[in-house]
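S.K.: My questions will all concern the structure given below.
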Amino acid sequence: MGGSASLIPRDLLSEYQELTFLSKQEILLAYKRFSELLPREERENACSARVPKSQILTLPELRANPFQHRICHVFSTSETRDDSMSFEDFLDMLSVFSDSATSDIKSHYAFRIFDFDDDGTLDRKDLEQLVNCLTGQGEESRLSSAEMEQLIQNILEESDIDKDGTINLSEFQHVVSRSPDFASSFKIVL
Amino acid sequence: MLLLKKVLGVSGAPGPKMMLPHSLLQIAPWSWSVDAAGESLLSEHFHDALSECTPDPGIKMQNKTTALQRTHEGKDDLCTERCSAGIEFDGEVETDTESEGSSSIPSQFPSSITISPAPYFHQSGILENKKRNRDQNTLENLLTSSASSKSSDEESLSEEELAMLKEQVEQKKKLISTMRNKPWRMVKKLSVLREAQDFVEKFEGALGKGKGKKLYAYKMMMAKKWVKFKRDFENFKTQCIPWEMKIKEVESHFGSSVASYFIFLRWMYGVNLVLFGLIFGLVIIPEVLMGMPYGSLPRKTVPRAEQATAMDFSVLWDFEGYIKYSALFYGYYNNQRTIGWLKYRLPMAYFMVGISIFGYSLMVVIRSMARNANESTADGDDDNFIFSWKMFTSWDYLIGNPETADNKFASITTSFKESIVDEQESNKDENIHLRRFLRVLANVLIICCLCGSGYLIYFVVKRSQTFSKMQNVGWYERNEVEIVMSLLGMFCPPLFETIAALENYHPRIGLKWQLGRIFALFLGNLYTFLLALMDDVNEKEFVRLTVSDILVTYITILVGDFIRACFVRFANYCWCWDLEAGFPSYAEFDISGNVLGLVFNQGMIWMGSFYAPGLVGINVLRLLTSMYFQCWAVMSSNVPHERVFKASKSNNFYMGLLLLILFLSLLPVAYTIMSLPPSFDCGPFSGKKRMYDVIQETIELDFPLFVAKIFSYVANPGLIIPAILLMVLTIYYLNAVSKAYQRANAELKKKMQMQREEEKNKRNNKASTNPMLQDLEDLLTPSTKTESPPKQAEETRALEKYFQESQARDK
């Protein structure tokens, strides 16, 4: 890792270690994988380059994920809203998905990923889209509208504490923090 | 350069050869400033010392111009930490406090570079430093003038200010350490971090004044070093973990549940490695190096009758011959109290290592269980959130393979549909009586099977004892016990599964029953085995059993998975029906079966390790090869599961099983240690009445007299029984406290829901749904009614806060 170590300034590296849940090796590995996504001429200053979404989605870890577009959208800080990711966005993403991240921060970002219309709550449309993502792309695997209706009804009954028809962040965190599987399944490792 | 001369002068150092500057830096926590212009005049060694410390340039790296910076660039950031100068400090101000006389540090230094200790306190450039010092002056002059004036009220002012400042600094430090928990973006986090670090750096130096400044500064320095050390150690530890890539590959193809088996295997490997290290280092190596060599004693020599065949492979495979008379077995050890020129007390070591194996295993298992319990909440079996959990937590983000993803989609869809149907059907009528009858029948059948297998083992063991007295026994007779036990282990579980089809349980409950039955099977087998040998503790049997178990497992995997996969793949071209879709198709990875196998194997190791020290070594080898072999087998011949199988709840179940097995394997060993006299002519305890007499002997002969007295007091039952009672009472008390917290939580939750409903109803101008509150409202006058909503909202917020705090405390 000698080559890539000299490309991230030492102080930045230690600041990244301070600010994320990743170890030094993981940050360096992330740097290596990130710079491989860039074209050859831009690899020198990978710290400030942005990688377009299409390139990020070629990563094997994200390739098969039904939420790949949402993940890129949530973690991208691009001003042009094209969902491109810089190296720091990439590190943010890996930190949230790492093994040592707290359940709080994972559930916060999970909420944002599931909020398809970015309005701060999970309403019926969001939940429908979520179910469709989970059941795959094929037509025969989708749920019928009656089943969908029943499912969403059940979910809202379980999770919507204040009965306003939407699930807000604290309700979401309340439900998800009780699940024993959440932290172990919400994990991406490079 | 004044500084340098003073430094060297003060210490009386003869010349720049000493590492003095660096070590002096370590005592005096004030930073040393070196004139940039004087840098070229620095002696070589002082420069070396300094060059270990790299000022941390921060984002203003491009603005650095000094030669020193350029020399120090490219050094490892560890050197920054090795530098112990803790706190930036302005030289001019130091002059003022010289009068307090706490240090002999020279006062005149032109402030240039300050050497900072950790990236925590990152450096800015020289020029910026000067500017900062000027800014600092005002605040610090205020502080120092008040300190040096020594008037009471001004001093108290400075103390108050100091206290406030200290609190602020502590706050900033806390912010820095919890920064990664905040859901902010990196840009924001970076700017907040830098600002906080600047603040701390600026004012911690000021805090260094006043009473106890040396101690405070020293404490700060040690705290920083400790944080850095911990971080480096964590990095090192994660680097040392083996097989990360392999497990990641399995995870991406099969999901986290199959990978959890391999993670468990790796953990077992780690534990066994430690046990092996203990035994090997403390028992086997001393015996081999310093004990009486082979051939010197009857117990250490192959008898003449067997010598002819002692080197034959078949004899060695049976653990007879040279292997039997080696340090791998209990019988080889001599009962000399001390051996060799080191006077190493071998029998004592043997005994203590045997006990500590159990102690260490117990500690490690319980620690792992506690960690698992911490991560999952107490009400893991909550049925309240089935649908929400399916929705939000069912996707496994580790999956990277499109085929596996498709599988997962299908299983999620099936599970959604099933739960919807279940929910609708849960009110259907069932024929309770028929179901109960079938379940009782199934249990009766299974108990019959268990008894049958227990009797079979007893019978076979007795037969093998008569065989061992005969001559000319064939290969089958010699290995009959192992073969029968392995066959039972292979065929009974599927039998149990078919019988369990009668019971018609929910799959998860059915799985628990299945695991319980397999457990009872293995346990019964093991204990029958022991009881049939109990009068003749034969350590060789354990080793042979382990080896045969290993072989059977590998053969089962090879045949059951690999050959089957090959057959399905290649014979499919010329077979009548589709082998891949119908029978037999590819095998799925049997997680629970494998985990149980691992757990029972470990139980046997624990039982046998006291009598056969080499057994742990064999197990380490077995786990190592298992890892590679099973990884290969899984990737080449298995397909991902059709049904979703959540591993996390099972984790603690498997740990619990391991704990149970540990206790159960401790029992026979403890019994033999406590009640049976050791055999007369072999082993390190031969000639004693009981094995634990070796402790008595060591205390009497090796320790001073008062230690023996202390031990005799401590071992008094009058002391031990109250201690045990006290521990039981503590457990009871803690249990009661945790129940009380849970109840309080539930009540607060209910209250919160009620309050929210009330608030919403008020907002929508609807009447209250709660009858009690309705009555209350009717009694209220209209004027007070308009006041109550904001109060209620406040109350709700306060309750929420309390609720969250108690939840956090509960965790």
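Ligands are numbered from 1 in the order shown, residues from 1 within each chain, and chains are lettered A, B, ... in the order they appear in the structure tokens.
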Could you pull the residues within 8 Å of stretch 184-188 of chain A, counting only C-alpha atoms, minus those fewer than 5 positions along the same chain, as JSON, numbers by chain?
M.R.: {"A": [61, 94, 97, 98, 99, 106], "B": [256, 393, 394, 395, 396, 397, 398, 648]}
S.K.: Could you work out which residues of chain A fall inside 8 Å of chain B? Count only C-alpha atoms, and format the result as a ChimeraX atom specification.
M.R.: /A:6,10-12,14-15,18-21,23-25,60-65,88-89,92,101-102,104-105,108-109,130-131,134-136,141-143,147,150-151,154-155,158-159,161-162,175-176,178-182,184-189
S.K.: Using DSSP on the backbone coordinates, identify the residues of stretch 187-307 of chain B assigned to alpha helix (DSSP H); present them as JSON, numbers by chain.
M.R.: {"B": [187, 188, 189, 190, 191, 192, 193, 194, 195, 196, 197, 198, 199, 200, 201, 202, 203, 204, 205, 206, 207, 213, 214, 215, 216, 217, 218, 219, 220, 221, 222, 223, 224, 225, 226, 227, 228, 229, 230, 231, 232, 233, 234, 235, 236, 237, 238, 239, 240, 244, 245, 246, 247, 248, 249, 250, 251, 252, 253, 254, 256, 257, 258, 259, 260, 261, 262, 263, 264, 265, 266, 267, 268, 269, 270, 271, 272, 273, 274, 275, 276, 277, 278, 279, 285, 286, 287, 288, 289, 290, 304, 305, 306, 307]}
S.K.: To test your reading of the structure, identify every residue in stretch 53-188 of chain A that backbone DSSP assigns to strand (DSSP E or B), and report it as a list in words.
M.R.: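 Matching residues, listed in order: Met85, Ser86, Leu122 and Ile167 of chain A.
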S.K.: Store the residues picked out above, limited to all heavy atoms, as a compact mmCIF listing (two decimals), in the first residue's frame.
M.R.:
```
# COMPACT_ATOMS: atom_id res chain seq x y z
N MET A 85 -19.99 10.88 -7.24
CA MET A 85 -19.45 10.82 -5.88
C MET A 85 -17.99 11.20 -5.85
O MET A 85 -17.22 10.79 -6.71
CB MET A 85 -19.61 9.40 -5.33
CG MET A 85 -21.04 9.08 -4.97
SD MET A 85 -21.23 7.41 -4.37
CE MET A 85 -20.72 7.57 -2.70
N SER A 86 -17.64 12.00 -4.84
CA SER A 86 -16.22 12.29 -4.64
C SER A 86 -15.66 11.24 -3.69
O SER A 86 -16.40 10.42 -3.15
CB SER A 86 -16.04 13.67 -4.05
OG SER A 86 -16.47 13.65 -2.71
N LEU A 122 -41.66 8.54 5.25
CA LEU A 122 -41.97 7.42 4.38
C LEU A 122 -43.48 7.33 4.26
O LEU A 122 -44.15 6.87 5.17
CB LEU A 122 -41.42 6.11 4.98
CG LEU A 122 -39.93 6.02 5.21
CD1 LEU A 122 -39.61 4.65 5.77
CD2 LEU A 122 -39.17 6.21 3.92
N ILE A 167 -44.35 7.32 8.10
CA ILE A 167 -43.38 6.90 9.10
C ILE A 167 -42.28 7.94 9.11
O ILE A 167 -41.62 8.16 8.08
CB ILE A 167 -42.79 5.53 8.74
CG1 ILE A 167 -43.90 4.49 8.66
CG2 ILE A 167 -41.78 5.10 9.78
CD1 ILE A 167 -43.40 3.13 8.30
```
S.K.: I'd like to know which of B:Met348, B:Met363, B:Ala571, B:Leu624 is closest to B:Pro242, using only C-alpha atoms.
M.R.: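 For B:Pro242, the nearest of the given residues is B:Leu624.
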S.K.: Hey, what's within 8 Å of A:Ala30 if we count only C-alpha atoms and toss same-chain stuff fewer than 6 positions away? As a VMD selection string, please?
M.R.: chain A and resid 90 to 91 190
S.K.: Residues at most 10 Å from A:Asn45, counting only C-alpha atoms, excluding those fewer than 6 positions away in the same chain, as a PyMOL selection string?
M.R.: chain A and resi 7-8+35
S.K.: Take the residues just selected and output them with N, CA, C and O atoms as a compact mmCIF listing (two decimals), in the first residue's frame.
M.R.:
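Generated file (again_0.txt):
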```txt
# COMPACT_ATOMS: atom_id res chain seq x y z
N LEU A 7 -0.31 9.17 -1.48
CA LEU A 7 -1.18 10.06 -2.22
C LEU A 7 -2.23 10.70 -1.34
O LEU A 7 -2.80 11.70 -1.70
N ILE A 8 -2.53 10.10 -0.20
CA ILE A 8 -3.39 10.78 0.75
C ILE A 8 -2.47 11.45 1.76
O ILE A 8 -1.66 10.78 2.38
N SER A 35 -9.74 5.11 -6.98
CA SER A 35 -8.93 5.63 -8.08
C SER A 35 -8.96 4.70 -9.28
O SER A 35 -8.74 5.15 -10.41
```
S.K.: If you count only C-alpha atoms, which residues fall within 10 Å of A:Glu44, apart from same-chain ones fewer than 4 positions away, as a list in words?
M.R.: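 Contacts, with the query itself left out: Ser4, Leu7, Ser35, Leu38, Arg40, Ser48 and Ala49 of chain A.
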S.K.: So, counting only C-alpha atoms, which residue among A:Met148, A:Gln153, A:Asp123, A:Ala110 is closest to A:Gln173?
M.R.: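 Under the stated criterion, the closest residue is A:Ala110.
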S.K.: Can you tell me how far atom CA of A:Asp126 sits from atom CA of A:Phe172, in Å to one decimal?
M.R.: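 Between these atoms lies a distance of 13.2 Å.
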